[in-house]
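**Q** Structure supplied as entry.txt; contents: compact mmCIF, C-alpha atoms.
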# COMPACT_ATOMS: atom_id res chain seq x y z
CA MET A 29 -76.56 21.56 -4.52
CA ASN A 30 -76.74 25.22 -5.54
CA ASP A 31 -78.87 24.31 -8.54
CA ASP A 32 -81.43 22.80 -6.16
CA ILE A 33 -81.60 26.02 -4.16
CA TYR A 34 -82.12 28.04 -7.34
CA ASP A 35 -84.80 25.59 -8.49
CA ASP A 36 -86.60 25.98 -5.15
CA LEU A 37 -86.47 29.78 -5.36
CA ALA A 38 -87.72 29.68 -8.94
CA LEU A 39 -90.58 27.38 -7.90
CA GLU A 40 -91.56 29.73 -5.04
CA ARG A 41 -91.52 32.66 -7.50
CA ILE A 42 -93.64 30.78 -10.08
CA ALA A 43 -96.17 29.79 -7.39
CA LYS A 44 -96.54 33.45 -6.40
CA GLU A 45 -96.66 34.88 -9.94
CA LYS A 46 -98.83 32.26 -11.66
CA PHE A 47 -101.08 31.07 -8.81
CA GLY A 48 -100.95 33.83 -6.18
CA LEU A 49 -99.69 31.28 -3.66
CA VAL A 50 -96.99 32.27 -1.19
CA VAL A 51 -95.06 29.09 -0.38
CA ASP A 52 -91.94 28.54 1.65
CA ILE A 53 -90.43 25.25 0.48
CA ASP A 54 -89.17 23.12 3.33
CA LYS A 55 -88.34 19.92 1.47
CA VAL A 56 -88.52 18.71 -2.11
CA VAL A 57 -89.76 15.12 -2.05
CA ALA A 58 -89.33 14.40 -5.77
CA ARG A 59 -87.65 16.83 -8.16
CA GLN A 60 -88.52 17.06 -11.87
CA ILE A 61 -89.77 13.50 -12.28
CA PRO A 62 -91.18 12.53 -15.68
CA ILE A 63 -94.98 12.31 -15.86
CA SER A 64 -95.35 11.97 -19.63
CA HIS A 65 -93.15 12.11 -22.71
CA THR A 66 -93.03 15.90 -22.47
CA GLY A 67 -93.97 16.72 -18.87
CA GLU A 68 -92.38 16.68 -15.46
CA ALA A 69 -93.50 17.23 -11.89
CA THR A 70 -91.95 18.40 -8.65
CA VAL A 71 -93.48 17.29 -5.36
CA PHE A 72 -92.63 19.49 -2.39
CA LEU A 73 -93.53 20.06 1.24
CA THR A 74 -93.93 23.59 2.62
CA LYS A 75 -92.89 24.79 6.05
CA LYS A 76 -96.60 24.66 6.98
CA LYS A 77 -96.48 20.90 6.21
CA GLN A 78 -98.64 21.18 3.09
CA LEU A 79 -97.80 18.92 0.17
CA PHE A 80 -97.97 20.33 -3.37
CA VAL A 81 -97.17 19.06 -6.83
CA PHE A 82 -96.09 21.45 -9.57
CA ILE A 83 -96.61 20.12 -13.09
CA THR A 84 -95.25 21.58 -16.29
CA ALA A 85 -94.98 20.28 -19.85
CA LYS A 86 -93.96 21.26 -23.33
CA SER A 87 -97.29 20.00 -24.70
CA LYS A 88 -100.74 21.35 -23.90
CA PHE A 89 -102.38 19.95 -20.77
CA VAL A 90 -105.98 20.39 -19.70
CA LEU A 91 -107.44 19.89 -16.23
CA GLY A 92 -108.52 16.35 -17.15
CA ASP A 93 -104.92 15.42 -18.05
CA VAL A 94 -103.61 16.84 -14.78
CA LYS A 95 -106.24 14.93 -12.76
CA LYS A 96 -105.27 11.69 -14.45
CA ILE A 97 -101.55 12.32 -13.95
CA VAL A 98 -101.96 13.18 -10.27
CA SER A 99 -103.93 9.98 -9.73
CA ARG A 100 -101.40 7.84 -11.57
CA MET A 101 -98.60 9.39 -9.53
CA GLY A 102 -100.26 7.82 -6.49
CA LEU A 103 -101.53 11.13 -5.10
CA ARG A 104 -104.99 12.27 -4.06
CA ALA A 105 -105.68 15.90 -4.85
CA GLU A 106 -107.37 18.34 -2.52
CA ILE A 107 -107.32 21.57 -4.57
CA TYR A 108 -106.43 22.27 -8.20
CA LEU A 109 -105.24 25.85 -7.91
CA PRO A 110 -106.58 28.11 -10.68
CA PRO A 111 -104.37 30.77 -12.29
CA LYS A 112 -103.82 33.89 -10.17
CA GLY A 113 -106.75 36.26 -10.08
CA GLU A 114 -109.14 33.86 -11.80
CA VAL A 115 -110.99 32.19 -8.92
CA ASP A 116 -113.77 30.92 -11.22
CA TYR A 117 -111.37 29.84 -14.02
CA PHE A 118 -112.37 26.18 -14.41
CA ASP A 119 -116.11 26.89 -14.11
CA GLU A 120 -115.95 29.73 -16.63
CA ILE A 121 -114.11 27.61 -19.22
CA GLY A 122 -116.59 24.80 -18.51
CA ARG A 123 -119.53 27.14 -19.15
CA GLN A 124 -117.99 28.34 -22.42
CA HIS A 125 -117.55 24.75 -23.67
CA PHE A 126 -121.07 23.85 -22.48
CA ARG A 127 -122.56 26.78 -24.43
CA LYS A 128 -120.75 25.65 -27.59
CA VAL A 129 -122.29 22.19 -27.30
CA PHE A 130 -125.73 23.31 -26.06
CA PRO A 131 -126.27 26.85 -27.41
CA GLY A 132 -129.95 26.93 -26.44
CA ARG A 133 -129.44 26.17 -22.75
CA HIS A 134 -128.82 29.03 -20.36
CA ASN A 135 -127.52 29.02 -16.78
CA PRO A 136 -125.98 25.53 -16.67
CA SER A 137 -125.71 23.97 -13.22
CA HIS A 138 -122.50 22.79 -11.60
CA ASP A 139 -123.38 19.21 -12.53
CA ASP A 140 -123.93 20.24 -16.17
CA ILE A 141 -120.44 21.69 -16.54
CA MET A 142 -118.63 19.01 -14.51
CA PHE A 143 -117.18 17.32 -17.61
CA TYR A 144 -116.57 20.55 -19.50
CA ARG A 145 -114.44 21.91 -16.64
CA THR A 146 -111.88 19.20 -17.45
CA LEU A 147 -111.30 20.81 -20.86
CA ALA A 148 -109.79 23.97 -19.36
CA PRO A 149 -106.14 24.55 -20.38
CA TYR A 150 -103.93 23.96 -17.34
CA ASN A 151 -100.20 24.23 -17.93
CA PRO A 152 -98.38 24.87 -15.64
CA ALA A 153 -100.44 23.28 -12.88
CA MET A 154 -100.23 23.50 -9.10
CA VAL A 155 -102.12 20.98 -7.01
CA GLN A 156 -102.45 20.76 -3.24
CA ILE A 157 -102.30 17.13 -2.18
CA LEU A 158 -104.59 15.50 0.38
CA GLU A 159 -102.69 12.21 0.69
CA VAL A 160 -100.10 9.95 -0.88
CA LYS A 161 -101.83 6.65 -1.67
CA ASP A 162 -99.97 3.55 -0.47
CA GLY A 163 -97.04 5.74 0.59
CA GLU A 164 -95.49 5.73 -2.89
CA ILE A 165 -94.96 8.52 -5.41
CA LYS A 166 -94.68 7.23 -8.95
CA GLN A 167 -93.16 8.49 -12.17
CA PHE A 168 -93.83 7.79 -15.82
CA ASP A 169 -91.73 4.93 -17.20
CA THR A 170 -92.34 3.36 -20.60
CA ASP A 171 -90.38 0.24 -19.62
CA ALA A 172 -92.60 -0.59 -16.64
CA SER A 173 -95.55 -2.92 -17.27
CA SER A 174 -98.07 -0.40 -15.92
CA GLY A 175 -96.27 2.59 -17.44
CA TRP A 176 -95.50 3.94 -13.96
CA ARG A 177 -92.87 2.99 -11.37
CA THR A 178 -92.16 4.06 -7.82
CA VAL A 179 -89.67 6.92 -7.57
CA THR A 180 -89.81 7.40 -3.79
CA ARG A 181 -91.68 6.33 -0.70
CA PHE A 182 -93.32 9.13 1.26
CA ALA A 183 -96.12 8.91 3.81
CA TYR A 184 -98.48 11.90 3.91
CA ARG A 185 -102.09 12.49 4.81
CA ARG A 186 -103.50 15.91 5.49
CA ILE A 187 -105.67 16.08 8.56
CA LYS A 188 -108.20 18.89 8.40
CA THR A 189 -108.65 20.98 11.50
CA SER A 190 -111.39 23.46 12.18
Would you mind writing the file out in structure tokens?

**A**
Amino acid sequence: MNDDIYDDLALERIAKEKFGLVVDIDKVVARQIPISHTGEATVFLTKKKQLFVFITAKSKFVLGDVKKIVSRMGLRAEIYLPPKGEVDYFDEIGRQHFRKVFPGRHNPSHDDIMFYRTLAPYNPAMVQILEVKDGEIKQFDTDASSGWRTVTRFAYRRIKTS
């Protein structure tokens, strides 16, 4: 039990240091579930009733990997939080990759860099969740036919207010 409290405090500290996000964890829905051979995720609910997933791995992840993992976990993302202090992080990396491929083109549009944004390094990752699809959170499992199996049932859908 004490280890869980320390894990929660460490997660709150990482969220503040790496992403500039002050969170107060109310409940951990799924703790350190496998999402790949080298990665794991923790899904938690804040006291403000916001659902987040924190993803970390020993291998290199890019934004495209994280998007795919979040989707396969049965979650729909609202915001992929960039590293602290780098509000334009994904767009800037996308522009750099775009310029390498198309050195003669200047001022690429948002649509031009859409794919190249997914190449931005993103480990660890913090994602705010919009909803849990079908009320199931899944984990990576090589023995399952789809490669993913349900770890817990949890109903969540964020309702935006003005």

**Q** Measuring between only C-alpha atoms, which one of A:Lys161, A:Lys76, A:Arg177, A:Lys112 shows the shortest distance to Gly48 of chain A?

**A**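 Once distances to Gly48 of chain A are computed over only C-alpha atoms, the minimum belongs to A:Lys112.
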
**Q** Mind dumping a table of every segment 55-146 of chain A residue within 9 Å of segment 35-47 of chain A, with the nearest atom pair and its distance in Å to one decimal, using only C-alpha atoms, sorted by chain and rising number, as CSV?

**A**
residue,atom,partner,partner_atom,distance
A:Val56,CA,A:Asp36,CA,8.1
A:Phe82,CA,A:Leu39,CA,8.3
A:Leu109,CA,A:Phe47,CA,6.7
A:Pro110,CA,A:Phe47,CA,6.5
A:Pro111,CA,A:Phe47,CA,4.8
A:Lys112,CA,A:Phe47,CA,4.2
A:Gly113,CA,A:Phe47,CA,7.8

**Q** Given the choices A:Ile157, A:His134, A:Lys96, A:Leu91, which gets closest to Phe118 of chain A if the distance is worked out from all atoms listed in the file?

**A**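 Residue with the minimum atom-to-atom distance to Phe118 of chain A: A:Leu91.
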
**Q** At what distance in Å, to one decimal, does atom CA of Tyr144 of chain A lie from atom CA of Glu120 of chain A?

**A** 9.6 Å

**Q** Select, from A:Phe80, A:Phe168, A:Phe143, A:Tyr184, the residue with the minimum atom-to-atom distance to Arg100 of chain A, counting all atoms listed in the file.

**A** A:Phe168

**Q** List as a list in words the protein and nucleic acid residues near segment 187-189 of chain A, meaning an atom at most 12 Å away when all atoms listed in the file are counted, but skip any in the same chain fewer than 5 places from it.

**A**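 The neighbour list is Lys77, Gln78, Leu79, Glu106, Ile157, Leu158 and Glu159 of chain A.
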
**Q** Which of these, A:Ala58, A:Ala183, A:Ile121, A:Leu49, has the shortest distance to Val160 of chain A once you count all atoms listed in the file?

**A**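 Of the candidates, the smallest distance to Val160 of chain A is held by A:Ala183.
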
**Q** Go through A:Thr170, A:Ile83, A:His125, A:Tyr34 and flag the residue nearest Ile61 of chain A, using only C-alpha atoms for the distances.

**A**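 Nearest to Ile61 of chain A: A:Ile83.
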
**Q** Just the number, please: distance in Å from atom CA of Gln167 of chain A to atom CA of His65 of chain A, one decimal.

**A**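 Between these atoms lies a distance of 11.1 Å.
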
**Q** Distance atom CA of Lys88 of chain A-atom CA of Met154 of chain A, one decimal place?

**A**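 Atom-to-atom, atom CA of Lys88 of chain A and atom CA of Met154 of chain A are spaced 15.0 Å apart.
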
**Q** From the set A:Val155, A:Ala148, A:Ile107, A:Ile141, which residue has the shortest atom-to-atom contact distance to Thr70 of chain A, counting only C-alpha atoms?

**A** A:Val155

**Q** Take the point (-105.1, 21.9, -21.6) as written in the file and pick out every residue within 8 Å of it, counting only C-alpha atoms; give the list as a ChimeraX atom specification.

**A** /A:88-93,147-151

**Q** Tell me which protein, DNA and RNA residues are within 10 Å of Met142 of chain A, counting only C-alpha atoms, leaving out same-chain ones fewer than 3 positions away, and put them as a list in words.

**A**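 Once the nearby chain positions are removed, what remains is Phe118, Asp119, Gly122, Arg123, Phe126, Ser137, His138, Asp139, Arg145, Thr146 and Leu147 of chain A.
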